[in-house]
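Q: Just passing along the structure, written as structure tokens.
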Amino acid sequence: SGSGMAFIIVQHLAPDHKSILTDLIGRYTKMRVVEVEDGMVVRPDCTYIIPPNHDMAILNGTLNLLEFTAPRGQRMPVDFFFRSLAQDQHARAIGIVLSGTGSDGTLGIRAIKGEGGMVMAQDFDSTQYDGMPRSAVATGMVDYVLPPAEMPKRLIGYVDQALGRHKPDMPPGPRISDTLKKIFVILRAQTGHDFSLYKQSTIGRRVERRMAVHQIGDLGDYARFLQQNANEVDALFHDLLIGVTSFFRDPEAFTALQDEAIVRLLSAKPAGAAIRVWVPACSTGEEAYSIAILLQERMDALKSSFKLTVFATDIDSHAIEQARAGIYPASIAADVSPERLKRYFTEEPGEGLLRVNKLIRDMLVFSVQDVIKDPPFSKLDLISCRNLLIYMGPELHDKLVPLFHYALNPAGYLFLGTSETIGEHLDLFAALNRTAKLYQRKDSGIAHRLPTGQFLRLPASKATPPVRPAAREAGAQLRDLTERTLLRQFAPASALVNDRGDILYLHGRTGDYLEPAAGEADLSILKMAREGLRPGLTIALRKAATGNDAEILSGLRVKTNGAYTRVDLRVQPLTADAGEPRLYLVTLGPSAAADAKPGRVAAGARAKAGGPKPQLALLQRQLRDKEEYLQSIVEELETTNEELKSSNEEMQSINEEMQSANEELETSREELQSV
């Protein structure tokens, strides 16, 4: 009592008998002990008991009761509550697994540790049934394994340091960075992995948790403790790698992956073709197996055979061993449908364990790999890298996204976590589903990283010529001179652009049609287009991108030097080799009807046609062009809104970190006032 904590007890109770647990516990504590009612607000120094025949969750500090949906024998009330506790309380969540049978609680402690919370388990020798504690400890995520009598002291000490007024003495500013550098050096020396480019705020929070576990108040003291204890280095290493994972995590995102990527991918491949997938940072393998199941289901639906290979990698060898075994607690039933459980999993000897079938396991190749420094896989059709980039600093983020682009086949797919984006690399990937964070590889981005000349087919005379007689050399020079003169005189003004409209090469006098836009230099042809040209140019580029034929617009009114002139526009898609970006040649020139003023041309046309019909047709065409232009603008606005939404999510994440920092400053201010 007086600890400031609330205790919530979730036990496996008989559904058809009234529980006397409330009365039993009330005899041993001065705290208020109550059986939970739906909507009950959690208060400090109170104990809450789950009622029979219910699941229980916590939302915004309020306990909510739900009717059981799983059949008896498959109910996992501890996992259900632990997961909701992690989502609601984040780093303030503490999970304690006591004596019990089965594996209930194992997936829940993963969620708590993934949010930065703390986990205890009962020492096996002191239990009547050690199934639940053993399953929890086997994950490698339990901070304390203790008999019940020793738990209160450790619990109060941890809460006082990690969440109370005696937080670790973290020096301000550069001193944190300097001390963390020493910790990074120790980690790299023992594990071979460098965490210096990960987000420092995330690393700092995980280090604080380890300090609280060992009751060390100074960061420098903890660095010295690491130097002297190799086991703690391993423990910190595993804590840094802990991430929340589960089968089919974010079901809506996996539905989008299935419908918008896997269906297209297998439908576009001939029977017997190889399908290669890479899942970096696979942790204990749940999401890698999930993707393999989706691939198998689609292959069965097509009634066709493919060579399916899923490469799953992680830097944590312990996690890879677990993933390779493919054995999971029965509580995965909360994430896997009964049909998939029956088809793709079998019960293992032992209590409450399921194993992925050999059909699916044979698809996967698990290996230890550091995606930052080890060579990537190549010729891939799909990369699923979920919830890794959120831990990376900007430098690593900018390294990994181009690396994924390199590893994928043309039109390959990239699947990210719901809080991740490709950042500034819009030239490398196109968004298929921004909500699900599903992207498709683009080839045009290569143009920004290679010289323009690599995309142009130069005449043979431009290449390094072989040794040949002087007469033939002179003839070639004369031919080149003639061709260049003819091109200058008769070839129209042209621009070579990619599918984003970025200008790669200009030919001829384009000043009558293009001019640099005010502000920061930008080589987008749409931004450089003179007044009257942009709507038609936008429409023509979009149509050319969706088809293989040239798009021609005639008689566009373009303002040049204060006067309007008629301009003909042609956008010609250029044939690209496999793996090369799609390019377009934009040709601009005076309209064929430019020999007369627009008014006289229109009148003459009407006179010859015998009526106003040509003028009406012209107006209808202009109206149709305007409608298409407006539609393209609407699509651009929708894309911009999605990007702003993603940016807003990132800003909210930053705001949460700032709020956390503000709370720490407020605590420090209170301590100073006390002093």
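Residues in the structure tokens are numbered from 1 in each chain, the chains being A, B, ... in the order shown, and ligands are numbered from 1 in the order shown.
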What are the DSSP alpha helix (DSSP H) residues of region 335-364 of chain A, as a PyMOL selection string?
A: chain A and resi 338-344+358-361
Q: Let me see the file: selected residues, C-alpha atoms, as an mmCIF file, in the first residue's frame.
A:
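Once written, out_20.cif looks like this:
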data_model
loop_
_atom_site.group_PDB
_atom_site.id
_atom_site.type_symbol
_atom_site.label_atom_id
_atom_site.label_comp_id
_atom_site.auth_asym_id
_atom_site.auth_seq_id
_atom_site.Cartn_x
_atom_site.Cartn_y
_atom_site.Cartn_z
ATOM 1 C CA PRO A 338 -9.260 -20.902 -37.226
ATOM 2 C CA GLU A 339 -9.047 -21.967 -40.892
ATOM 3 C CA ARG A 340 -5.385 -20.990 -41.123
ATOM 4 C CA LEU A 341 -4.598 -22.565 -37.759
ATOM 5 C CA LYS A 342 -6.098 -25.844 -38.916
ATOM 6 C CA ARG A 343 -4.358 -25.798 -42.292
ATOM 7 C CA TYR A 344 -0.908 -24.370 -41.561
ATOM 8 C CA LYS A 358 6.579 -28.094 -43.147
ATOM 9 C CA LEU A 359 4.829 -26.878 -46.319
ATOM 10 C CA ILE A 360 5.286 -23.274 -45.169
ATOM 11 C CA ARG A 361 8.594 -23.746 -43.320
#
Q: Which residues are close to Asp79 (chain A), i.e. within 9 Å by only C-alpha atoms, leaving aside same-chain residues fewer than 4 positions away? Reply as a list in words.
A: Arg83, Ser84, Asp104, Gly105, Thr106, Leu107, Gly108, Ile109 and Ser331 of chain A
Q: Residues of the last selection are to be written out with C-alpha atoms, as a PDB file, in the first residue's frame.
A:
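Contents of the output file result_22.pdb:
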ATOM      1  CA  ARG A  83      -1.598  -6.407 -25.033  1.00  0.00           C
ATOM      2  CA  SER A  84      -4.163  -3.753 -24.189  1.00  0.00           C
ATOM      3  CA  ASP A 104      -0.921 -17.552 -21.689  1.00  0.00           C
ATOM      4  CA  GLY A 105       0.924 -14.258 -21.222  1.00  0.00           C
ATOM      5  CA  THR A 106       3.846 -15.048 -23.536  1.00  0.00           C
ATOM      6  CA  LEU A 107       2.648 -12.893 -26.438  1.00  0.00           C
ATOM      7  CA  GLY A 108       1.495 -10.219 -24.010  1.00  0.00           C
ATOM      8  CA  ILE A 109       4.923  -9.734 -22.469  1.00  0.00           C
ATOM      9  CA  SER A 331      -2.302 -17.795 -27.990  1.00  0.00           C
TER      10      SER A 331
END
Q: Please identify all polymer residues within 9 Å of Ala14 (chain A), counting only C-alpha atoms, omitting same-chain residues fewer than 3 positions from it, and present them as a tab-separated table (two decimals) with N, CA and C atoms, in the first residue's frame.
A:
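As written to disk, part_24.tsv reads:
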chain	number	residue	atom	x	y	z
A	17	HIS	N	-18.79	-20.48	-12.24
A	17	HIS	CA	-18.76	-20.42	-10.78
A	17	HIS	C	-18.39	-19.01	-10.33
A	18	LYS	N	-18.98	-18.57	-9.23
A	18	LYS	CA	-18.65	-17.26	-8.69
A	18	LYS	C	-17.26	-17.32	-8.08
A	19	SER	N	-16.43	-16.30	-8.37
A	19	SER	CA	-15.06	-16.27	-7.86
A	19	SER	C	-15.03	-15.73	-6.44
A	52	PRO	N	-15.35	-13.79	-13.62
A	52	PRO	CA	-15.37	-15.00	-14.46
A	52	PRO	C	-16.01	-14.74	-15.82
A	53	ASN	N	-15.61	-15.58	-16.80
A	53	ASN	CA	-16.24	-15.64	-18.11
A	53	ASN	C	-16.11	-14.33	-18.90
Q: DSSP on the backbone, strand (DSSP E) only: what residues of region 62-168 of chain A does that give? Format it as number ranges by chain.
A: A: 62-67, 94-97, 118-122, 144-146
Q: Report as JSON, numbers by chain all protein, DNA and RNA residues lying within 10 Å of Ile96 (chain A), evaluated on only C-alpha atoms, omitting residues in the same chain fewer than 6 positions from it.
A: {"A": [9, 82, 105, 109, 118, 119, 120, 121, 122, 133, 136, 142, 144, 145, 151, 155]}
Q: With all heavy atoms retained, export the selected residues as a CSV table (one decimal), in the first residue's frame.
A:
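Contents of result-v3.csv, freshly written:
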chain,number,residue,atom,x,y,z
A,9,ILE,N,-5.4,-8.2,-11.4
A,9,ILE,CA,-5.1,-9.6,-11.4
A,9,ILE,C,-6.0,-10.3,-12.4
A,9,ILE,O,-7.2,-10.2,-12.3
A,9,ILE,CB,-5.4,-10.2,-10.0
A,9,ILE,CG1,-4.4,-9.6,-9.0
A,9,ILE,CG2,-5.2,-11.7,-10.0
A,9,ILE,CD1,-4.6,-10.0,-7.5
A,82,PHE,N,-2.6,-8.1,-21.3
A,82,PHE,CA,-1.3,-7.5,-21.4
A,82,PHE,C,-1.1,-6.7,-22.7
A,82,PHE,O,-0.5,-5.6,-22.7
A,82,PHE,CB,-0.2,-8.7,-21.4
A,82,PHE,CG,0.2,-9.1,-20.1
A,82,PHE,CD1,1.1,-10.2,-19.9
A,82,PHE,CD2,-0.3,-8.5,-18.9
A,82,PHE,CE1,1.5,-10.6,-18.7
A,82,PHE,CE2,0.1,-9.0,-17.7
A,82,PHE,CZ,1.0,-10.0,-17.5
A,105,GLY,N,0.1,-15.3,-21.7
A,105,GLY,CA,0.9,-14.3,-21.2
A,105,GLY,C,2.2,-14.1,-22.0
A,105,GLY,O,2.8,-13.0,-22.0
A,109,ILE,N,3.7,-10.4,-23.0
A,109,ILE,CA,4.9,-9.7,-22.5
A,109,ILE,C,5.8,-9.2,-23.6
A,109,ILE,O,6.5,-8.2,-23.5
A,109,ILE,CB,5.7,-10.7,-21.6
A,109,ILE,CG1,6.3,-11.9,-22.4
A,109,ILE,CG2,4.9,-11.2,-20.4
A,109,ILE,CD1,7.3,-12.7,-21.6
A,118,MET,N,8.3,-3.3,-18.3
A,118,MET,CA,9.1,-4.2,-17.6
A,118,MET,C,8.3,-5.5,-17.3
A,118,MET,O,7.0,-5.5,-17.2
A,118,MET,CB,9.5,-3.6,-16.3
A,118,MET,CG,10.5,-4.4,-15.5
A,118,MET,SD,9.7,-5.6,-14.3
A,118,MET,CE,9.4,-4.5,-12.9
A,119,VAL,N,9.0,-6.7,-17.2
A,119,VAL,CA,8.3,-7.9,-17.1
A,119,VAL,C,9.0,-8.7,-16.0
A,119,VAL,O,10.3,-8.8,-15.9
A,119,VAL,CB,8.4,-8.8,-18.4
A,119,VAL,CG1,7.8,-10.1,-18.2
A,119,VAL,CG2,7.6,-8.0,-19.5
A,120,MET,N,8.2,-9.4,-15.1
A,120,MET,CA,8.7,-10.3,-14.1
A,120,MET,C,8.1,-11.7,-14.3
A,120,MET,O,7.0,-11.8,-14.9
A,120,MET,CB,8.3,-9.8,-12.7
A,120,MET,CG,9.1,-8.6,-12.1
A,120,MET,SD,8.5,-8.3,-10.4
A,120,MET,CE,9.8,-7.1,-9.9
A,121,ALA,N,8.7,-12.7,-13.9
A,121,ALA,CA,8.2,-14.0,-13.9
A,121,ALA,C,8.6,-14.7,-12.6
A,121,ALA,O,9.6,-14.5,-12.0
A,121,ALA,CB,8.7,-14.8,-15.1
A,122,GLN,N,7.7,-15.7,-12.2
A,122,GLN,CA,7.9,-16.4,-10.9
A,122,GLN,C,9.0,-17.4,-11.1
A,122,GLN,O,9.0,-18.1,-12.1
A,122,GLN,CB,6.6,-17.0,-10.4
A,122,GLN,CG,6.8,-17.7,-9.1
A,122,GLN,CD,5.4,-18.1,-8.5
A,122,GLN,OE1,4.4,-17.8,-9.1
A,122,GLN,NE2,5.4,-19.0,-7.5
A,133,PRO,N,5.3,-19.4,-16.5
A,133,PRO,CA,6.6,-18.7,-16.3
A,133,PRO,C,7.7,-19.3,-17.2
A,133,PRO,O,8.5,-18.5,-17.7
A,133,PRO,CB,6.9,-19.0,-14.8
A,133,PRO,CG,5.6,-19.3,-14.2
A,133,PRO,CD,4.8,-20.0,-15.2
A,136,ALA,N,7.2,-17.8,-20.6
A,136,ALA,CA,7.6,-16.4,-20.6
A,136,ALA,C,9.1,-16.2,-20.7
A,136,ALA,O,9.7,-15.4,-21.4
A,136,ALA,CB,7.0,-15.7,-19.4
A,142,VAL,N,12.2,-11.5,-20.2
A,142,VAL,CA,11.9,-11.3,-18.8
A,142,VAL,C,13.0,-10.6,-18.0
A,142,VAL,O,14.2,-11.0,-18.1
A,142,VAL,CB,11.5,-12.6,-18.1
A,142,VAL,CG1,11.3,-12.4,-16.6
A,142,VAL,CG2,10.3,-13.3,-18.8
A,144,TYR,N,13.1,-9.9,-14.6
A,144,TYR,CA,13.4,-10.5,-13.3
A,144,TYR,C,12.7,-11.9,-13.2
A,144,TYR,O,11.6,-12.0,-13.6
A,144,TYR,CB,12.8,-9.7,-12.1
A,144,TYR,CG,13.4,-8.3,-12.0
A,144,TYR,CD1,12.6,-7.2,-12.5
A,144,TYR,CD2,14.6,-8.0,-11.4
A,144,TYR,CE1,13.1,-5.9,-12.4
A,144,TYR,CE2,15.0,-6.7,-11.3
A,144,TYR,CZ,14.3,-5.6,-11.8
A,144,TYR,OH,14.7,-4.4,-11.7
A,145,VAL,N,13.5,-12.9,-12.7
A,145,VAL,CA,12.9,-14.2,-12.4
A,145,VAL,C,13.1,-14.4,-10.9
A,145,VAL,O,14.2,-14.7,-10.4
A,145,VAL,CB,13.5,-15.4,-13.2
A,145,VAL,CG1,12.9,-16.7,-12.8
A,145,VAL,CG2,13.4,-15.1,-14.7
A,151,MET,N,9.6,-10.3,-5.0
A,151,MET,CA,9.1,-9.4,-6.0
A,151,MET,C,8.8,-8.0,-5.5
A,151,MET,O,9.1,-7.0,-6.2
A,151,MET,CB,7.9,-10.0,-6.7
A,151,MET,CG,8.2,-11.2,-7.6
A,151,MET,SD,6.7,-11.8,-8.4
A,151,MET,CE,7.5,-13.1,-9.5
A,155,LEU,N,10.1,-4.6,-7.4
A,155,LEU,CA,9.0,-3.9,-8.1
A,155,LEU,C,9.0,-2.4,-7.7
A,155,LEU,O,9.0,-1.5,-8.5
A,155,LEU,CB,7.7,-4.5,-7.8
A,155,LEU,CG,6.5,-3.9,-8.5
A,155,LEU,CD1,6.6,-4.0,-10.0
A,155,LEU,CD2,5.2,-4.6,-8.1
Q: Report the distance between CA of Glu663 (chain A) and CA of Lys153 (chain A) in Å, rounded to one decimal place.
A: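 Interatomic distance here is 25.6 Å.
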Q: Contacts of region 567-571 of chain A at 6 Å or less, counting only C-alpha atoms, minus same-chain residues fewer than 2 places along, as a PDB file with N, CA, C and O atoms, in the first residue's frame?
A:
ATOM      1  N   ALA A 550       1.895   8.268 -79.006  1.00  0.00           N
ATOM      2  CA  ALA A 550       2.172   9.693 -78.839  1.00  0.00           C
ATOM      3  C   ALA A 550       0.867  10.448 -78.622  1.00  0.00           C
ATOM      4  O   ALA A 550      -0.179  10.099 -79.185  1.00  0.00           O
ATOM      5  N   GLU A 551       0.927  11.487 -77.807  1.00  0.00           N
ATOM      6  CA  GLU A 551      -0.216  12.362 -77.570  1.00  0.00           C
ATOM      7  C   GLU A 551       0.062  13.706 -78.215  1.00  0.00           C
ATOM      8  O   GLU A 551       1.126  14.295 -78.000  1.00  0.00           O
ATOM      9  N   ILE A 552      -0.904  14.202 -79.038  1.00  0.00           N
ATOM     10  CA  ILE A 552      -0.709  15.447 -79.786  1.00  0.00           C
ATOM     11  C   ILE A 552      -1.836  16.408 -79.446  1.00  0.00           C
ATOM     12  O   ILE A 552      -3.016  16.037 -79.493  1.00  0.00           O
ATOM     13  N   LEU A 553      -1.487  17.634 -79.081  1.00  0.00           N
ATOM     14  CA  LEU A 553      -2.456  18.706 -78.860  1.00  0.00           C
ATOM     15  C   LEU A 553      -2.078  19.869 -79.763  1.00  0.00           C
ATOM     16  O   LEU A 553      -0.910  20.292 -79.785  1.00  0.00           O
ATOM     17  N   SER A 554      -3.047  20.391 -80.491  1.00  0.00           N
ATOM     18  CA  SER A 554      -2.774  21.452 -81.467  1.00  0.00           C
ATOM     19  C   SER A 554      -3.462  22.745 -81.054  1.00  0.00           C
ATOM     20  O   SER A 554      -4.520  22.731 -80.414  1.00  0.00           O
ATOM     21  N   GLY A 555      -2.859  23.852 -81.467  1.00  0.00           N
ATOM     22  CA  GLY A 555      -3.476  25.164 -81.302  1.00  0.00           C
ATOM     23  C   GLY A 555      -3.570  25.665 -79.882  1.00  0.00           C
ATOM     24  O   GLY A 555      -4.476  26.439 -79.561  1.00  0.00           O
ATOM     25  N   LEU A 556      -2.646  25.267 -78.997  1.00  0.00           N
ATOM     26  CA  LEU A 556      -2.656  25.775 -77.627  1.00  0.00           C
ATOM     27  C   LEU A 556      -2.265  27.248 -77.622  1.00  0.00           C
ATOM     28  O   LEU A 556      -1.320  27.662 -78.315  1.00  0.00           O
ATOM     29  N   LEU A 585       9.670  12.258 -74.847  1.00  0.00           N
ATOM     30  CA  LEU A 585      10.198  13.374 -75.634  1.00  0.00           C
ATOM     31  C   LEU A 585       9.061  14.354 -75.872  1.00  0.00           C
ATOM     32  O   LEU A 585       8.063  14.026 -76.532  1.00  0.00           O
ATOM     33  N   VAL A 586       9.197  15.556 -75.314  1.00  0.00           N
ATOM     34  CA  VAL A 586       8.205  16.616 -75.479  1.00  0.00           C
ATOM     35  C   VAL A 586       8.681  17.537 -76.594  1.00  0.00           C
ATOM     36  O   VAL A 586       9.765  18.127 -76.507  1.00  0.00           O
ATOM     37  N   THR A 587       7.863  17.651 -77.655  1.00  0.00           N
ATOM     38  CA  THR A 587       8.215  18.477 -78.818  1.00  0.00           C
ATOM     39  C   THR A 587       7.260  19.652 -78.895  1.00  0.00           C
ATOM     40  O   THR A 587       6.032  19.478 -78.805  1.00  0.00           O
ATOM     41  N   LEU A 588       7.811  20.854 -79.051  1.00  0.00           N
ATOM     42  CA  LEU A 588       7.026  22.084 -79.084  1.00  0.00           C
ATOM     43  C   LEU A 588       7.359  22.858 -80.354  1.00  0.00           C
ATOM     44  O   LEU A 588       8.519  22.919 -80.775  1.00  0.00           O
ATOM     45  N   GLY A 589       6.330  23.445 -80.984  1.00  0.00           N
ATOM     46  CA  GLY A 589       6.571  24.233 -82.193  1.00  0.00           C
ATOM     47  C   GLY A 589       5.371  25.074 -82.559  1.00  0.00           C
ATOM     48  O   GLY A 589       4.264  24.867 -82.036  1.00  0.00           O
ATOM     49  N   PRO A 590       5.567  26.070 -83.446  1.00  0.00           N
ATOM     50  CA  PRO A 590       4.452  26.915 -83.885  1.00  0.00           C
ATOM     51  C   PRO A 590       3.361  26.064 -84.532  1.00  0.00           C
ATOM     52  O   PRO A 590       3.627  25.083 -85.212  1.00  0.00           O
ATOM     53  N   SER A 591       2.108  26.457 -84.268  1.00  0.00           N
ATOM     54  CA  SER A 591       0.983  25.726 -84.839  1.00  0.00           C
ATOM     55  C   SER A 591       0.937  25.902 -86.341  1.00  0.00           C
ATOM     56  O   SER A 591       1.382  26.919 -86.894  1.00  0.00           O
TER      57      SER A 591
END
Q: Which neighbours of Cys46 (chain A) fall inside 6 Å, counting only C-alpha atoms, when residues of the same chain fewer than 6 positions from it are skipped, and could you give them as a PyMOL selection string?
A: chain A and resi 6+31-32
Q: Show which residues sit within 7 Å of Arg441 (chain A), as a ChimeraX atom specification. Count only C-alpha atoms, and ignore same-chain residues fewer than 5 positions away.
A: /A:405,410-413,428-430
Q: Any chance you can output those residues with C-alpha atoms as a PDB file, in the first residue's frame?
A:
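Writing done, so here's again10.pdb:
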ATOM      1  CA  HIS A 405      15.187   0.011 -54.555  1.00  0.00           C
ATOM      2  CA  PRO A 410      11.427  -3.575 -61.850  1.00  0.00           C
ATOM      3  CA  ALA A 411       7.904  -2.936 -60.518  1.00  0.00           C
ATOM      4  CA  GLY A 412       8.751  -4.848 -57.299  1.00  0.00           C
ATOM      5  CA  TYR A 413       6.868  -4.074 -54.079  1.00  0.00           C
ATOM      6  CA  LEU A 428      12.298   5.699 -56.254  1.00  0.00           C
ATOM      7  CA  PHE A 429       8.888   4.380 -55.214  1.00  0.00           C
ATOM      8  CA  ALA A 430       5.264   5.053 -56.132  1.00  0.00           C
TER       9      ALA A 430
END
